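model_1.csv follows; it contains CSV, C-alpha atoms.
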chain,number,residue,atom,x,y,z
A,14,MET,CA,0.5,-14.3,1.2
A,15,GLN,CA,1.4,-12.3,-1.8
A,16,TYR,CA,1.9,-8.6,-1.3
A,17,THR,CA,-0.8,-7.6,-3.7
A,18,GLU,CA,-3.3,-9.7,-1.7
A,19,PHE,CA,-2.1,-8.1,1.5
A,20,THR,CA,-2.6,-4.6,0.2
A,21,GLN,CA,-6.1,-5.5,-1.0
A,22,TYR,CA,-7.3,-7.0,2.3
A,23,TYR,CA,-5.2,-4.8,4.8
A,24,PRO,CA,-4.9,-1.4,3.1
A,25,PHE,CA,-4.9,0.6,6.4
A,26,LEU,CA,-2.2,-1.6,7.9
A,27,ASN,CA,-0.2,-1.5,4.8
A,28,THR,CA,-0.2,2.3,4.7
A,29,LEU,CA,0.9,2.5,8.3
A,30,LEU,CA,3.6,-0.3,8.0
A,31,VAL,CA,5.2,1.7,5.1
A,32,GLU,CA,5.0,4.9,7.2
A,33,TRP,CA,6.5,3.2,10.3
A,34,ALA,CA,9.2,1.5,8.2
A,35,ALA,CA,10.2,4.8,6.7
A,36,HIS,CA,10.4,6.5,10.1
A,37,ARG,CA,12.5,3.5,11.3
A,38,ILE,CA,14.9,3.9,8.3
A,39,ALA,CA,15.2,7.6,8.8
A,40,ARG,CA,15.4,7.2,12.7
A,41,THR,CA,12.9,10.0,13.3
A,42,ALA,CA,11.9,11.1,16.8
A,43,ASP,CA,8.6,9.4,16.4
A,44,TYR,CA,10.4,6.0,15.8
A,45,LEU,CA,12.7,6.5,18.7
A,46,GLU,CA,9.9,7.4,21.1
A,47,ALA,CA,7.8,4.5,20.0
A,48,GLU,CA,10.7,2.1,20.5
A,49,ALA,CA,11.4,3.5,23.9
A,50,ARG,CA,7.7,3.2,25.0
A,51,SER,CA,7.6,-0.4,23.7
A,52,HIS,CA,10.7,-1.3,25.6
A,53,ILE,CA,9.2,0.2,28.8
A,54,SER,CA,6.0,-1.8,28.3
A,55,CYS,CA,7.9,-5.1,27.8
A,56,LEU,CA,10.0,-4.5,30.9
A,57,GLN,CA,6.9,-3.7,33.0
A,58,SER,CA,5.3,-6.9,31.9
A,59,GLN,CA,8.5,-8.9,32.7
A,60,ILE,CA,8.6,-7.3,36.2
A,61,GLU,CA,4.9,-8.2,36.9
A,62,ARG,CA,5.6,-11.8,35.8
A,63,LYS,CA,8.7,-11.9,38.0
A,64,LYS,CA,6.7,-10.7,41.0
A,65,ILE,CA,4.3,-13.7,40.6
A,66,GLN,CA,7.1,-16.2,40.2
A,67,MET,CA,9.4,-15.0,43.0
A,68,PRO,CA,9.9,-17.3,46.0
A,69,LEU,CA,9.6,-14.2,48.1
A,70,THR,CA,6.0,-13.7,46.9
A,71,ARG,CA,5.1,-17.3,48.1
A,72,GLN,CA,6.9,-16.6,51.4
A,73,ILE,CA,5.0,-13.4,52.0
A,74,PHE,CA,1.6,-15.1,51.3
A,75,ALA,CA,2.5,-17.8,53.8
A,76,GLU,CA,3.8,-15.5,56.6
A,77,PHE,CA,1.5,-12.5,56.0
A,78,PRO,CA,-1.9,-13.7,54.9
A,79,HIS,CA,-3.2,-10.1,54.9
A,80,GLY,CA,-0.3,-8.9,52.7
A,81,ILE,CA,2.2,-6.2,53.2
A,82,SER,CA,2.6,-2.7,51.8
A,83,LEU,CA,4.0,-2.2,48.3
A,84,GLU,CA,6.9,-0.2,49.6
A,85,GLU,CA,7.9,-3.1,52.0
A,86,PHE,CA,7.6,-5.6,49.1
A,87,GLU,CA,9.8,-3.5,46.9
A,88,ARG,CA,12.4,-3.2,49.7
A,89,LEU,CA,12.5,-7.0,50.2
A,90,ALA,CA,12.6,-7.8,46.5
A,91,TRP,CA,15.5,-5.4,45.9
A,92,ALA,CA,17.4,-7.0,48.8
A,93,THR,CA,16.8,-10.6,48.0
A,94,ASP,CA,16.3,-11.0,44.2
A,95,GLU,CA,19.1,-9.9,41.8
A,96,GLU,CA,17.0,-10.4,38.6
A,97,TYR,CA,14.2,-8.3,40.0
A,98,LYS,CA,16.7,-5.6,40.8
A,99,TYR,CA,18.3,-5.8,37.4
A,100,LEU,CA,14.9,-5.5,35.6
A,101,HIS,CA,14.1,-2.4,37.6
A,102,SER,CA,17.4,-0.9,36.7
A,103,LEU,CA,16.7,-1.5,33.0
A,104,LEU,CA,13.3,0.1,33.4
A,105,LEU,CA,14.8,3.2,35.0
A,106,GLU,CA,17.3,3.4,32.1
A,107,ALA,CA,14.5,3.0,29.5
A,108,LYS,CA,12.4,5.8,31.1
A,109,TYR,CA,15.5,8.0,31.2
A,110,SER,CA,16.2,7.3,27.5
A,111,LEU,CA,12.6,8.3,26.7
A,112,SER,CA,13.0,11.6,28.5
A,113,GLU,CA,16.2,12.3,26.5
A,114,ILE,CA,14.7,11.9,23.1
A,115,LYS,CA,14.8,15.3,21.3
A,116,THR,CA,11.9,16.4,19.1
A,117,THR,CA,13.4,16.9,15.6
A,118,THR,CA,12.2,17.9,12.2
A,119,VAL,CA,13.7,14.9,10.4
A,120,THR,CA,11.3,13.4,7.9
A,121,PRO,CA,11.8,10.4,5.6
A,122,SER,CA,13.0,11.1,2.1
A,123,MET,CA,11.3,9.8,-1.0
A,124,GLN,CA,14.1,7.3,-1.4
A,125,GLN,CA,13.6,6.1,2.2
A,126,ILE,CA,9.9,5.8,1.6
A,127,GLN,CA,10.5,3.7,-1.4
A,128,GLN,CA,13.0,1.5,0.6
A,129,ALA,CA,10.3,1.1,3.3
A,130,THR,CA,7.7,0.0,0.7
A,131,GLU,CA,10.1,-2.7,-0.6
A,132,GLU,CA,10.9,-3.9,2.9
A,133,VAL,CA,7.3,-4.2,3.9
A,134,LYS,CA,6.7,-6.2,0.7
A,135,ASP,CA,9.7,-8.5,1.5
A,136,TYR,CA,8.8,-9.3,5.0
A,137,ILE,CA,5.0,-9.7,4.5
A,138,GLN,CA,5.7,-12.3,1.8
A,139,ALA,CA,8.5,-14.0,3.8
A,140,LEU,CA,6.6,-14.2,7.1
A,141,ALA,CA,3.7,-16.0,5.3
A,142,HIS,CA,6.0,-19.0,5.4
A,143,PRO,CA,8.1,-18.4,8.5
A,144,SER,CA,11.4,-20.1,9.3
A,145,VAL,CA,14.1,-19.6,11.9
A,146,ASP,CA,16.2,-17.7,9.3
A,147,VAL,CA,13.3,-15.4,8.4
A,148,PHE,CA,12.7,-14.5,12.1
A,149,LEU,CA,16.4,-13.9,12.8
A,150,LYS,CA,16.6,-11.6,9.8
A,151,TRP,CA,13.5,-9.5,10.6
A,152,ASN,CA,13.5,-9.6,14.4
A,153,SER,CA,16.6,-7.4,14.6
A,154,ARG,CA,15.4,-5.0,11.9
A,155,LEU,CA,11.7,-4.3,12.4
A,156,SER,CA,10.3,-1.8,14.9
A,157,SER,CA,8.2,-2.9,17.8
A,158,ARG,CA,5.1,-1.4,16.1
A,159,GLU,CA,5.7,-3.4,12.9
A,160,LYS,CA,6.3,-6.6,14.8
A,161,PHE,CA,3.3,-6.2,17.0
A,162,TYR,CA,0.8,-5.7,14.2
A,163,ILE,CA,2.1,-8.3,11.8
A,164,GLN,CA,2.0,-11.0,14.5
A,165,LEU,CA,-1.7,-10.3,14.8
A,166,LEU,CA,-2.5,-11.0,11.2
A,167,PRO,CA,-4.7,-14.2,11.0
A,168,ASN,CA,-3.6,-15.1,7.5
A,169,LEU,CA,0.1,-15.2,8.6
A,170,LEU,CA,-0.8,-17.3,11.6
A,171,ARG,CA,-2.7,-20.0,9.8
A,172,GLU,CA,0.1,-22.5,10.4
A,173,LYS,CA,-0.5,-23.1,14.1
A,174,ASN,CA,1.4,-26.4,14.5
A,175,GLY,CA,5.0,-27.5,13.9
A,176,GLU,CA,8.0,-25.1,13.7
A,177,ALA,CA,5.9,-22.2,12.4
A,178,GLY,CA,3.5,-22.4,15.3
A,179,LYS,CA,6.4,-22.4,17.8
A,180,LEU,CA,8.0,-19.4,16.1
A,181,TRP,CA,4.7,-17.5,16.2
A,182,SER,CA,4.2,-18.3,19.9
A,183,LEU,CA,7.7,-16.9,20.6
A,184,ALA,CA,7.0,-13.8,18.5
A,185,THR,CA,3.7,-13.2,20.4
A,186,ASP,CA,5.7,-13.2,23.7
A,187,GLU,CA,8.6,-11.1,22.5
A,188,TRP,CA,7.0,-8.8,19.9
A,189,GLY,CA,5.0,-6.9,22.5
A,190,TYR,CA,3.9,-3.3,22.1
A,191,LEU,CA,1.9,-1.0,24.3
A,192,ASP,CA,-1.3,-0.4,22.2
A,193,GLU,CA,-4.9,-0.7,23.0
A,194,GLY,CA,-8.2,-0.2,21.2
A,195,TYR,CA,-10.1,-1.5,18.3
A,196,GLN,CA,-7.8,-3.4,15.9
A,197,ILE,CA,-9.2,-2.4,12.5
A,198,LEU,CA,-5.7,-2.5,11.1
A,199,THR,CA,-5.6,-6.3,11.3
A,200,GLU,CA,-9.2,-7.0,10.1
A,201,PRO,CA,-9.5,-7.8,6.4
A,202,VAL,CA,-11.4,-5.2,4.3
A,203,ILE,CA,-14.2,-6.8,2.2
A,204,LYS,CA,-15.6,-3.6,0.8
A,205,SER,CA,-14.6,0.1,0.6
A,206,PHE,CA,-16.7,3.2,0.0
A,207,PHE,CA,-15.4,6.3,-1.8
A,208,SER,CA,-16.7,9.8,-2.3
A,209,MET,CA,-14.9,11.0,-5.5
A,210,GLU,CA,-11.5,9.5,-4.7
A,211,ARG,CA,-11.6,9.9,-1.0
A,212,LEU,CA,-12.2,6.8,1.2
A,213,ILE,CA,-15.2,7.5,3.5
A,214,GLY,CA,-15.8,4.0,4.9
A,215,ALA,CA,-15.0,0.3,4.8
A,216,ILE,CA,-16.6,-3.0,5.9
A,217,THR,CA,-14.2,-5.3,7.7
A,218,VAL,CA,-14.6,-8.8,9.2
A,219,ASN,CA,-13.6,-9.1,12.8
A,220,SER,CA,-11.9,-12.0,14.6
A,221,TYR,CA,-15.2,-13.9,15.1
A,222,GLY,CA,-16.6,-13.4,11.6
A,223,VAL,CA,-18.9,-10.3,12.2
A,224,LYS,CA,-19.0,-7.6,9.5
A,225,CYS,CA,-18.2,-4.2,10.9
A,226,LEU,CA,-18.8,-0.8,9.4
A,227,ASN,CA,-15.8,1.6,9.9
A,228,ALA,CA,-16.4,5.2,9.1
A,229,PRO,CA,-15.3,8.6,10.4
A,230,VAL,CA,-18.9,9.9,10.2
A,231,THR,CA,-22.1,8.0,10.3
A,232,MET,CA,-25.7,9.3,10.0
A,233,PHE,CA,-28.5,7.9,12.2
A,234,VAL,CA,-32.0,8.6,11.1
A,235,ASP,CA,-34.9,8.7,13.6
A,236,ILE,CA,-38.4,8.8,12.2
A,237,ASP,CA,-40.9,9.8,14.9
A,238,LEU,CA,-44.6,8.8,14.5
A,239,ASP,CA,-47.7,9.3,16.6
A,240,SER,CA,-50.2,6.5,17.3
A,241,SER,CA,-51.8,6.8,13.9
A,242,GLY,CA,-48.6,6.9,12.0
A,243,LEU,CA,-49.8,9.8,9.8
A,244,ASP,CA,-50.2,13.1,11.7
A,245,CYS,CA,-46.7,14.1,12.4
A,246,SER,CA,-44.4,12.3,10.1
A,247,TYR,CA,-44.6,14.9,7.3
A,248,PHE,CA,-42.9,17.4,9.6
A,249,SER,CA,-39.7,15.5,9.2
A,250,PHE,CA,-39.6,15.5,5.4
A,251,PRO,CA,-36.0,16.2,4.5
A,252,TRP,CA,-37.0,18.4,1.5
A,253,GLY,CA,-39.0,20.7,3.8
A,254,GLN,CA,-42.4,20.1,2.3
A,255,SER,CA,-45.6,20.1,4.3
A,256,ASP,CA,-47.8,18.2,1.9
A,257,THR,CA,-50.1,16.0,3.9
A,258,GLN,CA,-51.2,13.8,1.1
A,259,GLU,CA,-51.4,10.3,2.5
A,260,SER,CA,-49.4,8.8,-0.4
A,261,LEU,CA,-46.4,11.1,0.5
A,262,VAL,CA,-46.6,10.4,4.2
A,263,MET,CA,-46.7,6.6,3.6
A,264,GLU,CA,-43.7,6.9,1.3
A,265,ALA,CA,-41.8,8.6,4.0
A,266,ILE,CA,-42.8,6.0,6.6
A,267,ARG,CA,-41.7,3.2,4.2
As structure tokens, how would this structure be written, given the file I've shared?
Amino acid sequence: MQYTEFTQYYPFLNTLLVEWAAHRIARTADYLEAEARSHISCLQSQIERKKIQMPLTRQIFAEFPHGISLEEFERLAWATDEEYKYLHSLLLEAKYSLSEIKTTTVTPSMQQIQQATEEVKDYIQALAHPSVDVFLKWNSRLSSREKFYIQLLPNLLREKNGEAGKLWSLATDEWGYLDEGYQILTEPVIKSFFSMERLIGAITVNSYGVKCLNAPVTMFVDIDLDSSGLDCSYFSFPWGQSDTQESLVMEAIR
């Protein structure tokens, strides 16, 4: 994918990727907090997977069909499984590091924003044709937010087989990020609407091909009619007239 094509179809994501990259380069408090939260999210997922896979879990199901308390399970897990204990210690450290992040007034400079723009351009074009070298280069550099969103892009994931497919499967597992909600950022924009120069809405295509209207404000119009369809509609004329001529009423109904 060429960068010009990316900015055309994913303008919202492009704007945020540049912003996130600039914060990463400047190492702002926003970047540090986002990274800490991402690390916590990944560790929590690893711990949950570990709980399912532990021999202790199978043993408990066999010996205690009605289960045991969470406190008792934690005590047994800490006593019998070193990896589980290690993951928990990492989680405690991550939560402590999050609490230690200081709010600062550091903001990216114009030079750092320009550098961020160039980096986004470079990795979007490179990841369209992924290789081991490409992943090694960007895996250590990108923030969790950047990695999470770019691995969701369908155009970058079109190669599902072979080496590229294996790399993207690995990225999906490792490039996790705690984020929920409607993913407009990774839906291609097929039409934008402007008022003067201000963007007021966009039509995107979601993952199963449905066109979606995205707008901060939407007007819904409700036309109420009585059984005849004529007697009350004129009260709702937006221009405030009370002319009851049938032609005007029928025009409003249409």
Rank A:Leu105, A:Ala92, A:Ala215, A:Met263 by their smallest atom-to-atom distance to Phe25 (chain A), using all atoms listed in the file, and report the top residue only.
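Checking each of A:Leu105, A:Ala92, A:Ala215, A:Met263 against Phe25 (chain A), counting all atoms listed in the file, the winner is A:Ala215.
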Find the spatial neighbours of Lys108 (chain A), counting only C-alpha atoms, within a cut-off of 12 Å - ignore same-chain residues fewer than 6 positions away - and output them as a compact mmCIF listing (two decimals) with C-alpha atoms, in the coordinates of the input.
# COMPACT_ATOMS: atom_id res chain seq x y z
CA GLU A 46 9.90 7.40 21.10
CA GLU A 48 10.70 2.10 20.50
CA ALA A 49 11.40 3.50 23.90
CA ARG A 50 7.70 3.20 25.00
CA SER A 51 7.60 -0.40 23.70
CA HIS A 52 10.70 -1.30 25.60
CA ILE A 53 9.20 0.20 28.80
CA SER A 54 6.00 -1.80 28.30
CA LEU A 56 10.00 -4.50 30.90
CA GLN A 57 6.90 -3.70 33.00
CA HIS A 101 14.10 -2.40 37.60
CA SER A 102 17.40 -0.90 36.70
CA ILE A 114 14.70 11.90 23.10
Let me make sure I understand: among A:Ile60, A:Leu83, A:Ala34, A:Ile203, which one has the smallest atom-to-atom distance to Gly222 (chain A) if we use all atoms listed in the file?
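Among A:Ile60, A:Leu83, A:Ala34, A:Ile203, it is A:Ile203 that comes nearest to Gly222 (chain A).
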What is the CA of Gln72 (chain A) to CA of Glu84 (chain A) distance in Å?
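Computing the Euclidean distance for CA of Gln72 (chain A) and CA of Glu84 (chain A) yields 16.5 Å.
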Shortest contact to Leu226 (chain A), candidates A:Ile213, A:Ala141, A:Cys55, A:Val31, atoms counted all atoms listed in the file, goes to A:Ile213
Of A:His36, A:Gln127, A:Ser58, A:Met67, the one nearest to Glu95 (chain A) when counting all atoms listed in the file is A:Met67
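Using all atoms listed in the file, the smallest distance between any of A:Thr130, A:Ser205, A:Gln164, A:Asn219 and Trp33 (chain A) comes from A:Thr130.
Closest approach to Lys224 (chain A) from the set A:Met209, A:Leu29, A:Val147, A:Ile197 is made by A:Ile197, with distances taken over only C-alpha atoms.
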In Å, how far is it from CA of Tyr97 (chain A) to CA of Glu61 (chain A)?
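Interatomic distance here is 9.8 Å.
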What does the distance from CA of Leu155 (chain A) to CA of Gly214 (chain A) come to in Å, to one decimal?
29.7 Å
Please complete region 41-64 of chain A with N, CA, C and O atoms and give it back as a PDB file, in the coordinates of the input.
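Wrote it out as part12.pdb, contents follow:
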ATOM      1  N   THR A  41      13.565   8.744  12.910  1.00  0.00           N
ATOM      2  CA  THR A  41      12.900  10.000  13.300  1.00  0.00           C
ATOM      3  C   THR A  41      12.635   9.927  14.851  1.00  0.00           C
ATOM      4  O   THR A  41      12.712   8.866  15.482  1.00  0.00           O
ATOM      5  N   ALA A  42      12.272  11.069  15.415  1.00  0.00           N
ATOM      6  CA  ALA A  42      11.900  11.100  16.800  1.00  0.00           C
ATOM      7  C   ALA A  42      10.704  10.264  17.131  1.00  0.00           C
ATOM      8  O   ALA A  42      10.609   9.649  18.197  1.00  0.00           O
ATOM      9  N   ASP A  43       9.759  10.194  16.194  1.00  0.00           N
ATOM     10  CA  ASP A  43       8.600   9.400  16.400  1.00  0.00           C
ATOM     11  C   ASP A  43       8.955   7.901  16.523  1.00  0.00           C
ATOM     12  O   ASP A  43       8.435   7.191  17.390  1.00  0.00           O
ATOM     13  N   TYR A  44       9.888   7.437  15.692  1.00  0.00           N
ATOM     14  CA  TYR A  44      10.400   6.000  15.800  1.00  0.00           C
ATOM     15  C   TYR A  44      11.073   5.794  17.097  1.00  0.00           C
ATOM     16  O   TYR A  44      10.810   4.795  17.780  1.00  0.00           O
ATOM     17  N   LEU A  45      11.971   6.675  17.490  1.00  0.00           N
ATOM     18  CA  LEU A  45      12.700   6.500  18.700  1.00  0.00           C
ATOM     19  C   LEU A  45      11.831   6.487  19.945  1.00  0.00           C
ATOM     20  O   LEU A  45      12.016   5.679  20.860  1.00  0.00           O
ATOM     21  N   GLU A  46      10.828   7.359  19.955  1.00  0.00           N
ATOM     22  CA  GLU A  46       9.900   7.400  21.100  1.00  0.00           C
ATOM     23  C   GLU A  46       9.052   6.143  21.153  1.00  0.00           C
ATOM     24  O   GLU A  46       8.830   5.579  22.225  1.00  0.00           O
ATOM     25  N   ALA A  47       8.580   5.685  20.002  1.00  0.00           N
ATOM     26  CA  ALA A  47       7.800   4.500  20.000  1.00  0.00           C
ATOM     27  C   ALA A  47       8.566   3.266  20.453  1.00  0.00           C
ATOM     28  O   ALA A  47       8.053   2.410  21.191  1.00  0.00           O
ATOM     29  N   GLU A  48       9.826   3.181  20.061  1.00  0.00           N
ATOM     30  CA  GLU A  48      10.700   2.100  20.500  1.00  0.00           C
ATOM     31  C   GLU A  48      10.920   2.134  22.000  1.00  0.00           C
ATOM     32  O   GLU A  48      10.907   1.106  22.687  1.00  0.00           O
ATOM     33  N   ALA A  49      11.152   3.327  22.512  1.00  0.00           N
ATOM     34  CA  ALA A  49      11.400   3.500  23.900  1.00  0.00           C
ATOM     35  C   ALA A  49      10.147   3.077  24.747  1.00  0.00           C
ATOM     36  O   ALA A  49      10.244   2.373  25.761  1.00  0.00           O
ATOM     37  N   ARG A  50       8.983   3.500  24.291  1.00  0.00           N
ATOM     38  CA  ARG A  50       7.700   3.200  25.000  1.00  0.00           C
ATOM     39  C   ARG A  50       7.479   1.657  24.928  1.00  0.00           C
ATOM     40  O   ARG A  50       6.983   1.052  25.890  1.00  0.00           O
ATOM     41  N   SER A  51       7.784   1.042  23.805  1.00  0.00           N
ATOM     42  CA  SER A  51       7.600  -0.400  23.700  1.00  0.00           C
ATOM     43  C   SER A  51       8.526  -1.146  24.639  1.00  0.00           C
ATOM     44  O   SER A  51       8.120  -2.114  25.293  1.00  0.00           O
ATOM     45  N   HIS A  52       9.777  -0.693  24.726  1.00  0.00           N
ATOM     46  CA  HIS A  52      10.700  -1.300  25.600  1.00  0.00           C
ATOM     47  C   HIS A  52      10.266  -1.194  27.079  1.00  0.00           C
ATOM     48  O   HIS A  52      10.354  -2.152  27.860  1.00  0.00           O
ATOM     49  N   ILE A  53       9.750  -0.028  27.445  1.00  0.00           N
ATOM     50  CA  ILE A  53       9.200   0.200  28.800  1.00  0.00           C
ATOM     51  C   ILE A  53       8.060  -0.763  29.066  1.00  0.00           C
ATOM     52  O   ILE A  53       7.969  -1.377  30.139  1.00  0.00           O
ATOM     53  N   SER A  54       7.157  -0.899  28.101  1.00  0.00           N
ATOM     54  CA  SER A  54       6.000  -1.800  28.300  1.00  0.00           C
ATOM     55  C   SER A  54       6.423  -3.224  28.479  1.00  0.00           C
ATOM     56  O   SER A  54       5.894  -3.919  29.353  1.00  0.00           O
ATOM     57  N   CYS A  55       7.395  -3.688  27.696  1.00  0.00           N
ATOM     58  CA  CYS A  55       7.900  -5.100  27.800  1.00  0.00           C
ATOM     59  C   CYS A  55       8.533  -5.299  29.182  1.00  0.00           C
ATOM     60  O   CYS A  55       8.330  -6.338  29.822  1.00  0.00           O
ATOM     61  N   LEU A  56       9.343  -4.336  29.627  1.00  0.00           N
ATOM     62  CA  LEU A  56      10.000  -4.500  30.900  1.00  0.00           C
ATOM     63  C   LEU A  56       8.998  -4.499  32.059  1.00  0.00           C
ATOM     64  O   LEU A  56       9.139  -5.276  33.017  1.00  0.00           O
ATOM     65  N   GLN A  57       7.973  -3.668  31.979  1.00  0.00           N
ATOM     66  CA  GLN A  57       6.900  -3.700  33.000  1.00  0.00           C
ATOM     67  C   GLN A  57       6.220  -5.004  33.072  1.00  0.00           C
ATOM     68  O   GLN A  57       5.915  -5.502  34.167  1.00  0.00           O
ATOM     69  N   SER A  58       5.970  -5.604  31.907  1.00  0.00           N
ATOM     70  CA  SER A  58       5.300  -6.900  31.900  1.00  0.00           C
ATOM     71  C   SER A  58       6.238  -7.990  32.483  1.00  0.00           C
ATOM     72  O   SER A  58       5.780  -8.866  33.233  1.00  0.00           O
ATOM     73  N   GLN A  59       7.526  -7.917  32.175  1.00  0.00           N
ATOM     74  CA  GLN A  59       8.500  -8.900  32.700  1.00  0.00           C
ATOM     75  C   GLN A  59       8.557  -8.747  34.264  1.00  0.00           C
ATOM     76  O   GLN A  59       8.642  -9.744  34.980  1.00  0.00           O
ATOM     77  N   ILE A  60       8.522  -7.522  34.758  1.00  0.00           N
ATOM     78  CA  ILE A  60       8.600  -7.300  36.200  1.00  0.00           C
ATOM     79  C   ILE A  60       7.342  -7.868  36.888  1.00  0.00           C
ATOM     80  O   ILE A  60       7.434  -8.494  37.953  1.00  0.00           O
ATOM     81  N   GLU A  61       6.164  -7.687  36.275  1.00  0.00           N
ATOM     82  CA  GLU A  61       4.900  -8.200  36.900  1.00  0.00           C
ATOM     83  C   GLU A  61       4.973  -9.749  36.890  1.00  0.00           C
ATOM     84  O   GLU A  61       4.546 -10.376  37.872  1.00  0.00           O
ATOM     85  N   ARG A  62       5.471 -10.364  35.797  1.00  0.00           N
ATOM     86  CA  ARG A  62       5.600 -11.800  35.800  1.00  0.00           C
ATOM     87  C   ARG A  62       6.574 -12.300  36.843  1.00  0.00           C
ATOM     88  O   ARG A  62       6.371 -13.318  37.509  1.00  0.00           O
ATOM     89  N   LYS A  63       7.665 -11.543  36.976  1.00  0.00           N
ATOM     90  CA  LYS A  63       8.700 -11.900  38.000  1.00  0.00           C
ATOM     91  C   LYS A  63       8.124 -11.841  39.376  1.00  0.00           C
ATOM     92  O   LYS A  63       8.411 -12.708  40.211  1.00  0.00           O
ATOM     93  N   LYS A  64       7.288 -10.852  39.677  1.00  0.00           N
ATOM     94  CA  LYS A  64       6.700 -10.700  41.000  1.00  0.00           C
ATOM     95  C   LYS A  64       5.892 -12.004  41.347  1.00  0.00           C
ATOM     96  O   LYS A  64       5.932 -12.494  42.472  1.00  0.00           O
TER      97      LYS A  64
END
